[in-house]
Amino acid sequence: MSTILPPGTPAPDFNLHVTPDQKLSLHELRGRPVVLAFYPADWSPVCGDQMALYNEILSEFHKFGAEILGISVDGVWCHEAFAKDRHLHFPLLADFEPKGSVARTYGAYRAEDGVCERALFVIDKNGVIAWSYLSPVAVNPGADGILDALEQLPK
Amino acid sequence: MSLRIPVSDQDHIQGNPDAPCTLVEYGDYECPHCGHAYPIVKRIQKHFGKKLRFVFRNFPLAEMHPHAESAAETAEYAGAHGKFWEMHDALFENQESLGGSLYLQLARQLALSPQELRAAVESRDFLARVKSDFTGGVRSGVNGTPTFFINGKRHDASFEYEDLLQAINAALAHD
């Protein structure tokens, strides 16, 4: 397994496509907490996969003023189709070109499989990693750790 | 991963209240995997008899399953009139036809008022209860449906009959 960036580390900035004609940079979200959820791939075949779960509990994240971003190496068109199919109401970032380069800066890339790890980061309003968690790739880490971390952020 | 919201008299509990083992399911009436688990849980309850109590909590994945919330609210309405388990069972047994007309038909069959049920679902009378189950589940590490807890500990293995049987036997031997 990878070694992911630990709490206390400034979160590496990025500028990635969220839609075919829009890009998003991490620094644009400065001032509020950001949940960054790396995951291996769109289209996992189960009900209530990781992204679907986050989609159901967006209001819980929003209670903390937090934004959640999903991120995988899937391309922007793939993300668009996946988000539409699953009715996702939060952005999916395409870490597509150069493939996995953002995941690598967070220590969240599985070079042997060519996909992101299942790695979670809660980034505070100043852009510093407050909590991070690396899940076994086959296990949906759920949201309890994220919510605990958001709760512990200084107000 | 453990259950943060202890089982209480607010819960829908089936079986011996003093049973040494408690099986909690977080489920969604429209989830096919929960539909698959439904008869398995019945067999498990039959096998363990007085040694097991079963608790069902709502975890509707409403964005994915358009009828999941209304079905959960229908079961809660029935629960408020003492017919939770009858409705819970009927909903799972008719999982492929969830929706307003099924709810009304089931209400009639269970001698509940279809008009009152319709009004309760339309005005979302039981949504807060359903959402509170859901939020408690998220905080306990429910990451999809169905998620089972055996004596408060999340059951991460498969929920096929043999696997659940073994896990409950282990819990009984442990306590």
# chains A, B, ... in the order shown; residues from 1 in each chain; ligands from 1

call {"tool": "closest_atom_pairs", "arguments": {"of": "chain A", "to": "chain B", "cutoff": "7 Å", "atoms": "only C-alpha atoms", "output": "tab-separated table"}}
result
residue	atom	partner	partner_atom	distance
A:Cys47	CA	B:Gly144	CA	6.6
A:Gly48	CA	B:Gly144	CA	4.3
A:Asp49	CA	B:Gly144	CA	6.4
A:Leu53	CA	B:Asn143	CA	6.7
A:Glu56	CA	B:Leu61	CA	6.4
A:Arg86	CA	B:Met64	CA	6.3
A:His87	CA	B:Glu63	CA	6.4
A:Asn140	CA	B:Asn143	CA	6.3
A:Pro141	CA	B:Asn143	CA	6.9
A:Gly142	CA	B:Asn143	CA	4.5
A:Ala143	CA	B:Val138	CA	6.3
A:Asp144	CA	B:Arg139	CA	4.7

call {"tool": "select_by_dssp", "arguments": {"residues": "segment 5-147 of chain A", "states": "strand (DSSP E or B)", "output": "NGL selection string"}}
result
:A and (10 or 15-19 or 22-25 or 34-38 or 67-72 or 92-94 or 96 or 99 or 109-110 or 115-116 or 118-123 or 128-135)

call {"tool": "write_last_selection", "arguments": {"atoms": "C-alpha atoms", "output": "mmCIF file, in the first residue's frame"}}
result
data_model
loop_
_atom_site.group_PDB
_atom_site.id
_atom_site.type_symbol
_atom_site.label_atom_id
_atom_site.label_comp_id
_atom_site.auth_asym_id
_atom_site.auth_seq_id
_atom_site.Cartn_x
_atom_site.Cartn_y
_atom_site.Cartn_z
ATOM 1 C CA PRO A 10 0.011 21.555 3.165
ATOM 2 C CA ASN A 15 -5.939 22.242 -11.456
ATOM 3 C CA LEU A 16 -8.115 19.506 -12.954
ATOM 4 C CA HIS A 17 -11.105 19.203 -15.239
ATOM 5 C CA VAL A 18 -14.475 18.880 -13.496
ATOM 6 C CA THR A 19 -16.475 19.112 -16.719
ATOM 7 C CA GLN A 22 -14.303 23.663 -16.726
ATOM 8 C CA LYS A 23 -11.322 23.245 -14.453
ATOM 9 C CA LEU A 24 -11.099 23.531 -10.679
ATOM 10 C CA SER A 25 -8.113 24.372 -8.507
ATOM 11 C CA VAL A 34 -12.492 20.325 1.535
ATOM 12 C CA VAL A 35 -12.965 16.574 1.513
ATOM 13 C CA LEU A 36 -10.831 14.991 -1.186
ATOM 14 C CA ALA A 37 -11.811 11.394 -1.903
ATOM 15 C CA PHE A 38 -9.511 9.436 -4.203
ATOM 16 C CA GLU A 67 -17.016 20.781 -0.202
ATOM 17 C CA ILE A 68 -16.462 17.198 -1.308
ATOM 18 C CA LEU A 69 -14.516 16.318 -4.431
ATOM 19 C CA GLY A 70 -14.205 12.824 -5.877
ATOM 20 C CA ILE A 71 -11.044 12.146 -7.852
ATOM 21 C CA SER A 72 -9.961 9.252 -10.037
ATOM 22 C CA LEU A 92 -15.627 14.460 -9.894
ATOM 23 C CA LEU A 93 -12.112 15.462 -10.890
ATOM 24 C CA ALA A 94 -10.292 13.774 -13.748
ATOM 25 C CA PHE A 96 -6.270 11.904 -16.360
ATOM 26 C CA LYS A 99 -2.381 10.159 -15.551
ATOM 27 C CA TYR A 109 -1.500 6.290 -6.603
ATOM 28 C CA ARG A 110 -1.341 2.534 -7.155
ATOM 29 C CA VAL A 115 -5.454 3.729 -10.536
ATOM 30 C CA CYS A 116 -5.901 5.847 -7.413
ATOM 31 C CA ARG A 118 -9.085 4.637 -1.846
ATOM 32 C CA ALA A 119 -7.647 7.524 0.136
ATOM 33 C CA LEU A 120 -9.465 10.254 2.008
ATOM 34 C CA PHE A 121 -8.181 13.690 2.943
ATOM 35 C CA VAL A 122 -9.885 16.358 4.996
ATOM 36 C CA ILE A 123 -8.238 19.677 4.200
ATOM 37 C CA VAL A 128 -3.557 22.101 5.338
ATOM 38 C CA ILE A 129 -4.350 18.389 5.594
ATOM 39 C CA ALA A 130 -6.161 17.860 8.906
ATOM 40 C CA TRP A 131 -6.880 14.135 8.523
ATOM 41 C CA SER A 132 -6.038 11.431 6.045
ATOM 42 C CA TYR A 133 -6.967 7.793 5.718
ATOM 43 C CA LEU A 134 -5.906 5.029 3.370
ATOM 44 C CA SER A 135 -8.487 2.262 3.009
#

call {"tool": "atom_distance", "arguments": {"atom1": "atom CA of Phe92 of chain B", "atom2": "atom CA of Tyr29 of chain B"}}
result
6.0 Å

call {"tool": "closest_residue", "arguments": {"among": "B:Ala128, B:Leu52, B:Ala90, B:Ala80", "to": "Pro20 of chain B", "atoms": "only C-alpha atoms"}}
result
B:Leu52

call {"tool": "residues_around", "arguments": {"residues": "Leu112 of chain B", "least_positions_apart": "4", "cutoff": "10 Å", "atoms": "only C-alpha atoms", "output": "ChimeraX atom specification"}}
result
/B:77-78,81-83,104-108,116-117

call {"tool": "select_by_dssp", "arguments": {"residues": "segment 36-150 of chain B", "states": "alpha helix (DSSP H)", "output": "PyMOL selection string"}}
result
chain B and resi 36-48+68-80+84-93+100-109+114-122+127-139

call {"tool": "atom_distance", "arguments": {"atom1": "atom CA of Gln10 of chain B", "atom2": "atom CA of Gln50 of chain A"}}
result
28.8 Å

call {"tool": "residues_around", "arguments": {"residues": "Leu23 of chain B", "least_positions_apart": "2", "cutoff": "9 Å", "atoms": "only C-alpha atoms", "output": "list in words"}}
result
Cys21, Glu25, Leu52, Arg53, Phe54, Val55, Phe56, Phe148, Phe149, Ile150, Asn151, Gly152 and Ile168 of chain B

call {"tool": "write_last_selection", "arguments": {"atoms": "N, CA and C atoms", "output": "PDB file, in the first residue's frame"}}
result
ATOM      1  N   CYS B  21     -27.998 -12.312  21.695  1.00  0.00           N
ATOM      2  CA  CYS B  21     -27.408 -11.762  20.465  1.00  0.00           C
ATOM      3  C   CYS B  21     -28.393 -10.812  19.781  1.00  0.00           C
ATOM      4  N   GLU B  25     -29.814  -4.635  11.188  1.00  0.00           N
ATOM      5  CA  GLU B  25     -29.626  -4.425   9.753  1.00  0.00           C
ATOM      6  C   GLU B  25     -29.954  -2.982   9.407  1.00  0.00           C
ATOM      7  N   LEU B  52     -31.872 -14.802  19.624  1.00  0.00           N
ATOM      8  CA  LEU B  52     -31.571 -13.684  18.731  1.00  0.00           C
ATOM      9  C   LEU B  52     -32.707 -12.675  18.688  1.00  0.00           C
ATOM     10  N   ARG B  53     -32.353 -11.400  18.773  1.00  0.00           N
ATOM     11  CA  ARG B  53     -33.347 -10.372  18.428  1.00  0.00           C
ATOM     12  C   ARG B  53     -32.828  -9.613  17.214  1.00  0.00           C
ATOM     13  N   PHE B  54     -33.775  -9.173  16.404  1.00  0.00           N
ATOM     14  CA  PHE B  54     -33.440  -8.539  15.135  1.00  0.00           C
ATOM     15  C   PHE B  54     -33.991  -7.121  15.114  1.00  0.00           C
ATOM     16  N   VAL B  55     -33.137  -6.204  14.675  1.00  0.00           N
ATOM     17  CA  VAL B  55     -33.505  -4.788  14.606  1.00  0.00           C
ATOM     18  C   VAL B  55     -33.322  -4.316  13.174  1.00  0.00           C
ATOM     19  N   PHE B  56     -34.319  -3.620  12.638  1.00  0.00           N
ATOM     20  CA  PHE B  56     -34.188  -3.055  11.295  1.00  0.00           C
ATOM     21  C   PHE B  56     -34.177  -1.544  11.369  1.00  0.00           C
ATOM     22  N   PHE B 148     -24.850  -5.087   8.306  1.00  0.00           N
ATOM     23  CA  PHE B 148     -25.284  -5.756   9.533  1.00  0.00           C
ATOM     24  C   PHE B 148     -24.317  -5.470  10.671  1.00  0.00           C
ATOM     25  N   PHE B 149     -24.872  -5.390  11.877  1.00  0.00           N
ATOM     26  CA  PHE B 149     -24.063  -5.317  13.097  1.00  0.00           C
ATOM     27  C   PHE B 149     -24.482  -6.486  13.977  1.00  0.00           C
ATOM     28  N   ILE B 150     -23.512  -7.229  14.469  1.00  0.00           N
ATOM     29  CA  ILE B 150     -23.809  -8.346  15.365  1.00  0.00           C
ATOM     30  C   ILE B 150     -23.270  -7.976  16.739  1.00  0.00           C
ATOM     31  N   ASN B 151     -24.145  -7.906  17.697  1.00  0.00           N
ATOM     32  CA  ASN B 151     -23.794  -7.406  19.032  1.00  0.00           C
ATOM     33  C   ASN B 151     -22.946  -6.133  18.952  1.00  0.00           C
ATOM     34  N   GLY B 152     -23.393  -5.232  18.100  1.00  0.00           N
ATOM     35  CA  GLY B 152     -22.774  -3.905  18.032  1.00  0.00           C
ATOM     36  C   GLY B 152     -21.561  -3.810  17.134  1.00  0.00           C
ATOM     37  N   ILE B 168     -22.817 -15.274  13.974  1.00  0.00           N
ATOM     38  CA  ILE B 168     -23.678 -15.168  15.158  1.00  0.00           C
ATOM     39  C   ILE B 168     -23.289 -16.234  16.176  1.00  0.00           C
TER      40      ILE B 168
END

call {"tool": "atom_distance", "arguments": {"atom1": "atom CA of Ser2 of chain B", "atom2": "atom CA of Pro136 of chain A"}}
result
18.3 Å
